[in-house]
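Engineer: To be precise about what I am sending: the file is called query_24.txt and holds compact mmCIF, C-alpha atoms.
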# COMPACT_ATOMS: atom_id res chain seq x y z
CA MET T 167 -3.79 -9.72 -27.98
CA LYS T 168 -1.06 -12.21 -28.97
CA ALA T 169 1.58 -10.10 -27.22
CA LEU T 170 -0.55 -9.88 -24.08
CA LYS T 171 -1.10 -13.65 -24.09
CA ALA T 172 2.61 -14.33 -24.41
CA SER T 173 3.38 -11.93 -21.57
CA LEU T 174 0.78 -13.50 -19.27
CA LEU T 175 1.71 -17.09 -20.13
CA SER T 176 5.31 -16.28 -19.21
CA LEU T 177 4.00 -15.38 -15.76
CA GLY T 178 2.36 -18.77 -15.40
CA ILE T 179 -1.23 -17.59 -15.79
CA SER T 180 -3.52 -20.38 -16.93
CA ALA T 181 -5.02 -20.61 -20.41
CA LEU T 182 -8.46 -20.57 -18.79
CA MET T 183 -7.69 -17.17 -17.28
CA LEU T 184 -6.48 -15.92 -20.66
CA SER T 185 -9.81 -16.89 -22.16
CA ALA T 186 -11.60 -14.98 -19.42
CA CYS T 187 -9.35 -11.99 -20.04
CA ALA T 188 -10.11 -12.08 -23.77
CA THR T 189 -13.82 -11.81 -23.07
CA SER T 190 -13.53 -9.35 -20.20
CA GLY T 191 -15.21 -6.67 -22.28
CA GLN T 192 -18.45 -8.63 -22.22
CA LYS T 193 -20.97 -7.73 -19.56
CA GLU T 194 -21.01 -10.25 -16.71
CA ALA T 195 -23.11 -10.49 -13.59
CA ALA T 196 -21.52 -8.69 -10.65
CA THR T 197 -21.19 -10.91 -7.60
CA THR T 198 -19.62 -8.47 -5.14
CA LEU T 199 -20.85 -5.11 -3.86
CA SER T 200 -18.00 -3.43 -5.73
CA GLY T 201 -18.96 -5.08 -9.03
CA LEU T 202 -16.12 -7.60 -9.17
CA ASP T 203 -16.52 -10.98 -10.85
CA PRO T 204 -14.59 -13.56 -8.76
CA ALA T 205 -14.18 -15.75 -11.84
CA LYS T 206 -11.76 -13.16 -13.25
CA PHE T 207 -9.46 -13.79 -10.27
CA ASP T 208 -9.65 -17.60 -10.23
CA THR T 209 -6.50 -18.94 -11.87
CA THR T 210 -3.05 -20.47 -11.31
CA ILE T 211 0.08 -18.34 -10.98
CA GLN T 212 3.53 -19.61 -9.89
CA ASP T 213 1.91 -23.07 -9.64
CA LYS T 214 -0.42 -21.83 -6.90
CA HIS T 215 -4.15 -21.26 -6.85
CA VAL T 216 -5.12 -17.60 -6.93
CA GLN T 217 -8.62 -16.41 -6.09
CA LEU T 218 -10.69 -13.54 -4.73
CA PHE T 219 -11.59 -13.61 -1.04
CA VAL T 220 -14.48 -11.56 0.32
CA LEU T 221 -14.69 -10.18 3.86
CA LYS T 222 -17.90 -8.52 5.03
CA ASN T 223 -19.74 -7.30 8.09
CA GLN T 224 -23.37 -6.54 8.93
CA ASN T 225 -22.96 -2.80 8.33
CA GLY T 226 -22.60 -3.07 4.57
CA MET T 227 -18.80 -3.07 4.45
CA GLU T 228 -17.04 -5.42 2.05
CA VAL T 229 -13.34 -6.00 1.40
CA CYS T 230 -12.23 -8.06 -1.61
CA ILE T 231 -8.67 -9.44 -1.49
CA THR T 232 -6.61 -11.58 -3.82
CA ASN T 233 -3.79 -13.76 -2.50
CA TYR T 234 -1.68 -12.55 -5.42
CA GLY T 235 0.45 -10.00 -3.57
CA GLY T 236 -2.01 -9.92 -0.67
CA ARG T 237 -3.78 -7.16 -2.58
CA ILE T 238 -6.96 -5.41 -1.53
CA VAL T 239 -8.87 -5.10 -4.79
CA SER T 240 -11.91 -3.23 -3.50
CA LEU T 241 -13.07 -1.72 -0.22
CA VAL T 242 -16.75 -0.85 -0.03
CA VAL T 243 -18.14 1.34 2.75
CA PRO T 244 -21.54 3.02 3.06
CA ASP T 245 -21.55 6.76 2.41
CA LYS T 246 -23.61 9.37 4.28
CA ASP T 247 -26.72 8.31 2.30
CA ASN T 248 -25.96 4.62 2.93
CA ASN T 249 -24.87 4.05 -0.67
CA PRO T 250 -22.16 1.37 -1.01
CA THR T 251 -18.98 3.13 -2.19
CA ASP T 252 -15.72 1.55 -3.35
CA VAL T 253 -12.91 3.76 -2.03
CA VAL T 254 -9.71 2.12 -3.35
CA LEU T 255 -8.08 2.03 -6.77
CA GLY T 256 -7.29 -1.15 -8.67
CA PHE T 257 -8.09 -3.53 -11.51
CA ASP T 258 -11.11 -5.79 -11.98
CA ASN T 259 -9.14 -8.87 -13.09
CA ILE T 260 -6.05 -10.82 -12.05
CA ALA T 261 -4.50 -10.68 -15.52
CA GLN T 262 -3.75 -6.97 -15.25
CA TYR T 263 -2.36 -7.27 -11.73
CA ALA T 264 0.00 -10.01 -12.86
CA ASP T 265 1.06 -8.30 -16.10
CA THR T 266 3.88 -6.29 -14.54
CA LEU T 267 5.20 -5.27 -17.95
CA ASN T 268 2.11 -3.53 -19.29
CA SER T 269 0.21 -2.60 -16.12
CA PRO T 270 2.70 -2.40 -13.25
CA SER T 271 1.15 -1.42 -9.94
CA ASP T 272 1.42 -1.78 -6.20
CA TYR T 273 -2.35 -1.29 -5.76
CA GLY T 274 -3.59 -2.61 -2.44
CA SER T 275 -0.60 -4.86 -1.91
CA SER T 276 0.97 -6.26 1.23
CA VAL T 277 4.44 -4.88 0.54
CA GLY T 278 7.58 -6.81 1.52
CA ARG T 279 10.23 -7.56 2.34
CA TYR T 280 11.01 -3.88 2.74
CA ALA T 281 8.48 -1.14 1.99
CA ASN T 282 9.69 2.16 0.51
CA ARG T 283 13.23 2.92 -0.63
CA ILE T 284 16.73 1.86 0.37
CA LYS T 285 19.49 4.09 -0.98
CA ASP T 286 21.64 2.49 -3.67
CA GLY T 287 20.00 -0.82 -2.76
CA LYS T 288 22.67 -1.31 -0.09
CA PHE T 289 22.84 -1.73 3.66
CA THR T 290 25.28 -3.18 6.16
CA LEU T 291 24.20 -5.53 8.93
CA ASP T 292 26.59 -7.06 11.50
CA GLY T 293 29.57 -6.05 9.37
CA THR T 294 28.29 -7.57 6.13
CA GLU T 295 27.22 -5.39 3.23
CA TYR T 296 24.22 -6.57 1.25
CA GLN T 297 23.43 -5.53 -2.31
CA LEU T 298 19.72 -5.60 -3.08
CA LYS T 299 17.91 -5.56 -6.37
CA LYS T 300 17.78 -2.06 -7.86
CA ASN T 301 14.36 -1.39 -9.34
CA ASP T 302 13.93 2.36 -8.84
CA GLY T 303 16.90 3.95 -10.56
CA PRO T 304 19.88 3.30 -8.27
CA ASN T 305 17.63 2.38 -5.34
CA CYS T 306 15.62 -0.59 -4.10
CA LEU T 307 11.89 0.14 -3.81
CA HIS T 308 9.26 -2.04 -2.09
CA GLY T 309 11.53 -5.05 -1.77
CA GLY T 310 12.28 -5.39 -5.47
CA GLY T 311 9.04 -4.41 -7.14
CA THR T 312 8.11 -6.96 -9.80
CA THR T 313 9.91 -9.73 -7.88
CA GLY T 314 8.96 -8.46 -4.42
CA TRP T 315 6.14 -9.86 -2.30
CA MET T 316 3.51 -7.71 -3.98
CA ASN T 317 3.89 -9.99 -7.01
CA GLN T 318 4.15 -13.32 -5.20
CA VAL T 319 1.32 -15.71 -4.38
CA TYR T 320 0.51 -16.07 -0.69
CA ASP T 321 -1.00 -19.19 0.88
CA ALA T 322 -4.45 -18.17 2.06
CA GLU T 323 -6.73 -19.22 4.89
CA GLN T 324 -10.10 -17.52 5.32
CA ILE T 325 -11.68 -17.70 8.77
CA GLY T 326 -15.39 -17.01 8.65
CA ASP T 327 -16.67 -13.86 6.98
CA SER T 328 -14.23 -11.46 8.57
CA ILE T 329 -10.63 -12.75 8.69
CA LEU T 330 -8.07 -13.66 6.03
CA LYS T 331 -4.59 -14.96 6.83
CA LEU T 332 -1.95 -14.83 4.10
CA THR T 333 1.41 -16.57 4.47
CA ILE T 334 4.55 -16.23 2.40
CA VAL T 335 7.95 -17.91 2.78
CA ALA T 336 10.86 -15.95 1.33
CA GLU T 337 14.19 -17.70 0.87
CA ASP T 338 17.58 -16.45 2.04
CA GLY T 339 19.07 -14.23 -0.68
CA GLU T 340 15.76 -13.33 -2.32
CA ASN T 341 16.39 -10.02 -4.16
CA GLY T 342 19.60 -9.80 -2.10
CA PHE T 343 17.96 -9.84 1.35
CA PRO T 344 19.48 -12.14 3.96
CA GLY T 345 17.55 -14.74 5.92
CA LYS T 346 14.71 -17.14 5.23
CA ILE T 347 11.56 -15.41 6.42
CA THR T 348 8.09 -16.73 7.12
CA ALA T 349 5.66 -13.81 7.11
CA VAL T 350 1.93 -13.70 7.84
CA THR T 351 -0.42 -10.88 6.89
CA THR T 352 -3.80 -10.89 8.65
CA TYR T 353 -6.69 -8.81 7.37
CA LYS T 354 -9.68 -8.50 9.70
CA LEU T 355 -12.93 -6.62 9.15
CA THR T 356 -14.58 -5.80 12.47
CA ALA T 357 -18.20 -5.21 13.44
CA ASP T 358 -17.46 -1.51 14.06
CA ASN T 359 -16.16 -0.89 10.51
CA VAL T 360 -12.43 -1.22 11.14
CA LEU T 361 -10.17 -2.80 8.54
CA ASP T 362 -7.42 -4.16 10.79
CA MET T 363 -4.06 -5.28 9.39
CA VAL T 364 -1.34 -7.18 11.23
CA TRP T 365 2.02 -8.25 9.83
CA GLU T 366 4.06 -10.87 11.70
CA ALA T 367 7.30 -12.57 10.71
CA LYS T 368 10.20 -14.69 11.91
CA THR T 369 13.62 -15.33 10.38
CA ASP T 370 16.45 -17.84 10.60
CA LYS T 371 19.13 -15.17 10.04
CA ALA T 372 19.52 -11.49 10.91
CA THR T 373 17.68 -9.44 8.31
CA ILE T 374 15.56 -6.33 7.80
CA ILE T 375 11.82 -6.10 7.34
CA ASN T 376 9.32 -3.28 6.93
CA GLN T 377 5.85 -4.23 5.71
CA THR T 378 2.86 -2.08 4.85
CA ASN T 379 -0.38 -2.00 2.92
CA HIS T 380 -0.45 0.09 -0.25
CA ASN T 381 -4.09 1.03 -0.70
CA TYR T 382 -4.77 4.07 -2.86
CA TYR T 383 -7.75 5.84 -1.28
CA ASN T 384 -10.28 8.18 -2.81
CA LEU T 385 -13.18 8.44 -0.38
CA SER T 386 -15.37 10.23 -2.90
CA GLY T 387 -15.62 7.01 -4.89
CA ASP T 388 -15.10 9.04 -8.07
CA PHE T 389 -11.85 7.87 -9.64
CA THR T 390 -12.18 10.14 -12.66
CA GLN T 391 -11.27 13.25 -10.64
CA ALA T 392 -8.18 14.32 -8.69
CA ALA T 393 -8.61 13.94 -4.93
CA TYR T 394 -8.01 17.62 -4.23
CA ASP T 395 -11.12 17.98 -2.06
CA GLN T 396 -10.06 15.15 0.28
CA VAL T 397 -9.39 16.58 3.72
CA LEU T 398 -6.20 15.19 5.27
CA TYR T 399 -4.97 15.18 8.87
CA VAL T 400 -1.54 13.90 9.92
CA ASN T 401 -0.59 13.82 13.60
CA ALA T 402 3.05 14.75 13.02
CA ASP T 403 5.17 17.76 13.98
CA ASN T 404 8.05 16.63 11.77
CA PHE T 405 8.87 14.90 8.50
CA THR T 406 11.97 13.48 6.80
CA PRO T 407 12.96 15.64 3.79
CA SER T 408 14.07 13.72 0.71
CA ASN T 409 16.15 14.40 -2.38
CA LYS T 410 14.95 14.25 -5.96
CA LEU T 411 15.25 10.46 -5.93
CA TYR T 412 12.93 10.30 -2.89
CA ILE T 413 15.74 9.23 -0.55
CA PRO T 414 15.77 10.86 2.92
CA THR T 415 18.56 13.38 3.44
CA GLY T 416 18.91 12.20 7.03
CA GLU T 417 17.38 15.36 8.45
CA ILE T 418 14.21 15.58 10.51
CA LYS T 419 12.47 18.90 9.94
CA SER T 420 9.45 20.66 11.39
CA VAL T 421 6.30 20.93 9.29
CA GLU T 422 5.64 24.33 10.88
CA GLY T 423 5.05 27.03 8.26
CA THR T 424 5.37 24.65 5.31
CA ALA T 425 3.06 22.89 2.87
CA MET T 426 3.81 19.69 4.82
CA ASP T 427 1.68 20.76 7.77
CA PHE T 428 -1.55 18.76 8.15
CA ARG T 429 -1.85 19.04 11.92
CA THR T 430 -4.94 21.10 11.23
CA PRO T 431 -7.03 19.14 8.69
CA HIS T 432 -7.31 20.76 5.28
CA ALA T 433 -8.00 19.85 1.67
CA ILE T 434 -5.00 18.40 -0.16
CA GLY T 435 -5.67 20.73 -3.08
CA ASP T 436 -4.94 23.70 -0.84
CA SER T 437 -1.22 22.94 -0.82
CA ILE T 438 -0.40 20.31 -3.45
CA ASN T 439 0.73 22.96 -5.94
CA SER T 440 2.89 24.79 -3.41
CA THR T 441 6.26 26.23 -4.44
CA PHE T 442 7.81 24.50 -1.40
CA ASP T 443 10.83 22.59 -2.73
CA GLN T 444 9.73 19.22 -1.32
CA ILE T 445 6.39 19.48 -3.11
CA GLN T 446 8.03 20.63 -6.33
CA ASN T 447 10.53 17.74 -6.28
CA ALA T 448 7.79 15.13 -5.96
CA THR T 449 5.13 17.04 -7.97
CA GLY T 450 2.89 16.47 -4.97
CA TYR T 451 3.17 14.53 -1.73
CA ASP T 452 5.43 11.49 -1.44
CA HIS T 453 6.88 11.98 2.03
CA ASN T 454 7.41 10.24 5.34
CA TYR T 455 5.88 11.87 8.39
CA CYS T 456 7.37 11.32 11.87
CA LEU T 457 4.30 10.43 13.89
CA ASN T 458 3.61 12.03 17.25
CA THR T 459 2.02 8.73 18.27
CA PHE T 460 5.48 7.11 18.35
CA LYS T 461 7.50 8.01 21.46
CA ASP T 462 10.45 6.48 23.32
CA GLY T 463 10.74 3.68 20.80
CA LYS T 464 7.11 2.62 20.99
CA GLY T 465 4.04 3.41 18.92
CA ASP T 466 0.60 3.98 20.39
CA ASP T 467 -1.88 2.32 18.05
CA THR T 468 -4.86 3.45 20.14
CA GLN T 469 -4.38 7.08 19.03
CA VAL T 470 -5.31 8.49 15.62
CA CYS T 471 -2.17 9.09 13.58
CA ALA T 472 -3.89 10.32 10.42
CA SER T 473 -7.32 10.73 8.87
CA LEU T 474 -8.94 11.37 5.52
CA TYR T 475 -12.40 12.78 4.75
CA SER T 476 -14.51 13.28 1.64
CA PRO T 477 -17.02 16.14 1.86
CA LYS T 478 -18.79 14.64 -1.17
CA THR T 479 -19.69 11.27 0.38
CA GLY T 480 -19.19 12.11 4.05
CA ILE T 481 -16.91 9.09 4.40
CA PHE T 482 -14.36 9.56 7.17
CA MET T 483 -11.33 7.30 7.63
CA GLU T 484 -9.15 7.30 10.76
CA MET T 485 -5.78 5.55 10.80
CA TYR T 486 -3.94 3.92 13.71
CA THR T 487 -0.50 2.27 13.79
CA ASN T 488 2.34 1.20 16.08
CA GLU T 489 4.91 2.27 13.48
CA PRO T 490 7.01 5.48 13.71
CA GLY T 491 6.09 6.82 10.29
CA VAL T 492 3.42 7.14 7.65
CA GLN T 493 4.10 7.77 3.98
CA VAL T 494 1.66 10.22 2.43
CA TYR T 495 1.57 9.71 -1.33
CA SER T 496 -0.77 11.67 -3.59
CA GLY T 497 -0.65 9.51 -6.71
CA ASN T 498 1.88 11.68 -8.51
CA PHE T 499 2.67 9.01 -11.11
CA GLN T 500 -0.96 8.23 -11.90
CA GLY T 501 -2.20 9.46 -15.26
CA VAL T 502 1.32 10.39 -16.37
CA GLY T 503 2.93 9.09 -19.57
CA LYS T 504 1.93 5.52 -20.48
CA ASP T 505 0.01 5.23 -17.23
CA ALA T 506 -2.62 7.62 -18.59
CA ASP T 507 -3.79 4.97 -21.10
CA ILE T 508 -4.21 2.05 -18.69
CA ILE T 509 -7.83 1.09 -18.04
CA ARG T 510 -8.70 0.16 -14.46
CA LYS T 511 -11.84 -0.92 -12.58
CA HIS T 512 -15.13 0.08 -14.22
CA GLY T 513 -13.31 1.05 -17.44
CA ILE T 514 -11.78 4.16 -15.90
CA LYS T 515 -8.45 5.80 -16.78
CA TYR T 516 -6.99 7.45 -13.69
CA PRO T 517 -5.85 11.09 -13.68
CA LYS T 518 -2.89 12.44 -11.75
CA HIS T 519 -3.43 12.94 -8.01
CA VAL T 520 -6.54 10.73 -8.08
CA SER T 521 -5.83 9.20 -4.68
CA VAL T 522 -4.06 9.35 -1.33
CA CYS T 523 -1.93 6.58 0.16
CA LEU T 524 -1.36 6.41 3.92
CA GLU T 525 1.31 3.75 4.47
CA SER T 526 2.47 2.76 7.96
CA GLN T 527 6.23 2.18 8.03
CA LYS T 528 9.69 2.48 9.42
CA TYR T 529 11.28 5.59 7.92
CA PRO T 530 12.56 5.12 4.35
CA ASP T 531 16.21 4.03 4.15
CA SER T 532 16.18 3.18 7.88
CA PRO T 533 18.77 0.37 7.44
CA ASN T 534 21.28 3.13 6.69
CA HIS T 535 20.22 5.32 9.62
CA PRO T 536 20.94 3.56 12.93
CA GLU T 537 19.63 6.61 14.82
CA TRP T 538 16.09 5.81 13.63
CA ALA T 539 13.75 3.01 14.73
CA THR T 540 15.42 -0.22 13.64
CA PRO T 541 14.01 -2.52 10.97
CA VAL T 542 16.35 -5.35 12.02
CA LEU T 543 14.82 -8.74 12.81
CA ARG T 544 16.91 -11.50 14.37
CA PRO T 545 16.37 -15.23 14.93
CA GLY T 546 14.19 -15.81 17.98
CA GLU T 547 12.49 -12.41 17.62
CA LYS T 548 9.01 -11.79 16.21
CA TYR T 549 8.24 -8.97 13.85
CA TYR T 550 4.93 -7.29 14.61
CA SER T 551 3.46 -4.37 12.72
CA HIS T 552 -0.09 -3.10 13.05
CA ALA T 553 -2.24 -0.66 11.13
CA ALA T 554 -5.99 -0.11 11.35
CA TYR T 555 -8.38 2.03 9.32
CA LYS T 556 -11.73 2.92 10.89
CA PHE T 557 -14.57 4.08 8.65
CA SER T 558 -17.56 6.22 9.56
CA THR T 559 -19.54 9.11 8.08
CA LYS T 560 -19.94 12.72 9.14
Step by step, read the file and then write its structure as structure tokens.
Structural biologist:
Amino acid sequence: MKALKASLLSLGISALMLSACATSGQKEAATTLSGLDPAKFDTTIQDKHVQLFVLKNQNGMEVCITNYGGRIVSLVVPDKDNNPTDVVLGFDNIAQYADTLNSPSDYGSSVGRYANRIKDGKFTLDGTEYQLKKNDGPNCLHGGGTTGWMNQVYDAEQIGDSILKLTIVAEDGENGFPGKITAVTTYKLTADNVLDMVWEAKTDKATIINQTNHNYYNLSGDFTQAAYDQVLYVNADNFTPSNKLYIPTGEIKSVEGTAMDFRTPHAIGDSINSTFDQIQNATGYDHNYCLNTFKDGKGDDTQVCASLYSPKTGIFMEMYTNEPGVQVYSGNFQGVGKDADIIRKHGIKYPKHVSVCLESQKYPDSPNHPEWATPVLRPGEKYYSHAAYKFSTK
């Protein structure tokens, strides 16, 4: 416990929060539908107030979000029998989210400044080469990981029961990225069971940006079992193959006749153990799909780009985005090595392949591929990225 306290105090977590963490094993009254105790998220980190915000609608949906990393902690939707079901992975306290040494995660985060990987942590913009922080072997992942936006405290403004605005200001040179950026993430829960996400940003210097949400979904609500029965659909004829370090080769290949093809919905377990080299390299799915909903440089966020369904609960999730790609990740690092011993929400240890991530994005390593949709943002321009997830039952 002493080692944990020292680690958390170094992150600026208050002594009050440490006391709460020490007694977290005691039974406390649940105050959210998902069983979260907001007191376990009320603290000070980086000299800013951190807390749990709750969005809800009249249909029994509830979304709990912390302004630490803009993270969605729980997402409750009614199942086919109208039972409230939490469908995203995570922790039940802020101490574990903030302890990036012992429980590193990107659970539910608003990722920035650049989601996914950049090869060798390098890119050239307007003739200047920039060296970014390397946090994934030789590459930069999710804007720097432990020092990226997923582990920064956003300024929060809740508007009524259904909207949360989160603002972050990132200085020029942060993790090697150029430009001072002001970025706003807006989460909105609608009356028709849509979790709507909008990312907007402006910069004072040419830079790159690619934000996403990193929810880990298991629509069965059972986080003790692999998500092999989850039925996935991806509206994409092509994908970007990657090497063993998850960096795109630069090719765009057809999904036709491969284990990458989800144009006809099918259970993930049907193909996740395929001998296809891309599946073998990643020990599952961790790939960018080139969405059919993105044409002529513009994405159509009124058309379904992907969906996920649990036959156990009947919960059906449809995804929409204006971005050119979606990363499908099947939780290949969950339950592997030290990760297998980490306790999450409700005292559960997660197994491998327990979830599915559907992350809207520019293609990975896009700064080094000018032929792809550009992630460049310049002064006077406004970055706008949109993703929406609609929930129903069938």
Engineer: Would you compute the distance between atom CA of T:Lys419 and atom CA of T:Asn305? Give it in Å to one decimal.
Structural biologist: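 For atom CA of T:Lys419 relative to atom CA of T:Asn305, the distance reads 23.1 Å.
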Engineer: Give as a list in words every residue, naming chains and numbers as the document does, that has an atom within 9 Å of (-6.9, 16.1, -8.9), counting all atoms listed in the file.
Structural biologist: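 Checking each residue against the 9 Å limit leaves Thr390, Gln391, Ala392, Ala393, Tyr394, Asp395, Gly435, Pro517, Lys518, His519, Val520 and Ser521 of chain T.
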Engineer: Restricting the calculation to all atoms listed in the file: of T:Thr468, T:Ser558, T:Thr373, T:Asn259, which residue gets closest to T:Asp208?
Structural biologist: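 Closest residue, counting all atoms listed in the file: T:Asn259.
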Engineer: Between atom CA of T:Ile481 and atom CA of T:Asp203, what is the distance in Å, rounded to a tenth?
Structural biologist: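 Going from atom CA of T:Ile481 over to atom CA of T:Asp203, I get 25.2 Å.
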Engineer: Kindly give the distance, in Å, that separates atom CA of T:Asp302 and atom CA of T:Trp315, rounded to a single decimal.
Structural biologist: 15.9 Å
Engineer: Pick out the closest residue to T:His535 from this set: T:Ala367, T:Ile329, T:Ile418, T:Leu267. Count all atoms listed in the file.
Structural biologist: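 Going through T:Ala367, T:Ile329, T:Ile418, T:Leu267 one by one, the smallest distance to T:His535 is for T:Ile418.
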Engineer: Looking at only C-alpha atoms, which of T:Asp265, T:Asp370, T:Asp466, T:Asp252 is the one that sits closest to T:Cys230?
Structural biologist: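 Of T:Asp265, T:Asp370, T:Asp466, T:Asp252, the one nearest T:Cys230, counting only C-alpha atoms, is T:Asp252.
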Engineer: Using only C-alpha atoms, which of T:Thr210, T:Thr251, T:Thr348, T:Ser440 sits nearest T:Ile375?
Structural biologist: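 Distance minimum relative to T:Ile375 lands on T:Thr348.
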Engineer: Pick out the closest residue to T:Gln324 from this set: T:Phe428, T:Phe219, T:Phe289, T:Tyr475. Count all atoms listed in the file.
Structural biologist: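 Closest to T:Gln324 of all the choices is T:Phe219.
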Engineer: Nearest residue to T:Met316 out of T:Ala357, T:Gly236, T:Asn248, T:Leu332, using all atoms listed in the file?
Structural biologist: T:Gly236
Engineer: Taking only N, CA, C and O atoms, show stretch 205-221 of chain T of the given structure as a short mmCIF file (atom, residue, chain, number, x, y, z; two decimals), in the first residue's frame.
Structural biologist:
data_model
loop_
_atom_site.label_atom_id
_atom_site.label_comp_id
_atom_site.auth_asym_id
_atom_site.auth_seq_id
_atom_site.Cartn_x
_atom_site.Cartn_y
_atom_site.Cartn_z
N ALA T 205 -17.96 9.55 -5.10
CA ALA T 205 -16.96 10.00 -4.14
C ALA T 205 -15.57 9.46 -4.48
O ALA T 205 -14.55 10.08 -4.16
N LYS T 206 -15.52 8.30 -5.14
CA LYS T 206 -14.24 7.70 -5.50
C LYS T 206 -13.61 8.37 -6.73
O LYS T 206 -12.53 7.96 -7.17
N PHE T 207 -14.29 9.36 -7.27
CA PHE T 207 -13.76 10.11 -8.42
C PHE T 207 -13.56 11.59 -8.08
O PHE T 207 -13.12 12.35 -8.93
N ASP T 208 -13.88 11.98 -6.86
CA ASP T 208 -13.82 13.38 -6.45
C ASP T 208 -12.48 13.65 -5.78
O ASP T 208 -12.24 13.24 -4.64
N THR T 209 -11.58 14.32 -6.50
CA THR T 209 -10.23 14.53 -6.00
C THR T 209 -9.58 15.69 -6.75
O THR T 209 -10.22 16.39 -7.54
N THR T 210 -8.29 15.88 -6.51
CA THR T 210 -7.51 16.90 -7.21
C THR T 210 -6.32 16.24 -7.88
O THR T 210 -5.56 15.50 -7.23
N ILE T 211 -6.18 16.44 -9.17
CA ILE T 211 -5.04 15.94 -9.94
C ILE T 211 -4.53 17.08 -10.81
O ILE T 211 -5.32 17.81 -11.41
N GLN T 212 -3.19 17.24 -10.86
CA GLN T 212 -2.59 18.32 -11.66
C GLN T 212 -3.17 19.67 -11.25
O GLN T 212 -3.39 20.57 -12.07
N ASP T 213 -3.46 19.82 -9.96
CA ASP T 213 -4.00 21.05 -9.38
C ASP T 213 -5.37 21.42 -9.94
O ASP T 213 -5.78 22.58 -9.91
N LYS T 214 -6.10 20.42 -10.43
CA LYS T 214 -7.44 20.66 -10.96
C LYS T 214 -8.43 19.70 -10.31
O LYS T 214 -8.08 18.56 -9.97
N HIS T 215 -9.65 20.15 -10.18
CA HIS T 215 -10.70 19.32 -9.59
C HIS T 215 -11.15 18.26 -10.58
O HIS T 215 -11.49 18.56 -11.72
N VAL T 216 -11.14 17.02 -10.12
CA VAL T 216 -11.61 15.90 -10.93
C VAL T 216 -12.87 15.35 -10.28
O VAL T 216 -12.95 15.23 -9.06
N GLN T 217 -13.86 15.00 -11.09
CA GLN T 217 -15.08 14.43 -10.56
C GLN T 217 -15.77 13.57 -11.59
O GLN T 217 -15.31 13.46 -12.74
N LEU T 218 -16.85 12.94 -11.18
CA LEU T 218 -17.64 12.09 -12.07
C LEU T 218 -18.89 12.84 -12.49
O LEU T 218 -19.63 13.35 -11.64
N PHE T 219 -19.11 12.91 -13.80
CA PHE T 219 -20.29 13.58 -14.34
C PHE T 219 -21.24 12.53 -14.88
O PHE T 219 -20.81 11.54 -15.49
N VAL T 220 -22.53 12.74 -14.67
CA VAL T 220 -23.53 11.75 -15.06
C VAL T 220 -24.50 12.35 -16.07
O VAL T 220 -25.14 13.37 -15.80
N LEU T 221 -24.58 11.72 -17.25
CA LEU T 221 -25.56 12.08 -18.26
C LEU T 221 -26.63 11.01 -18.28
O LEU T 221 -26.34 9.82 -18.13
#
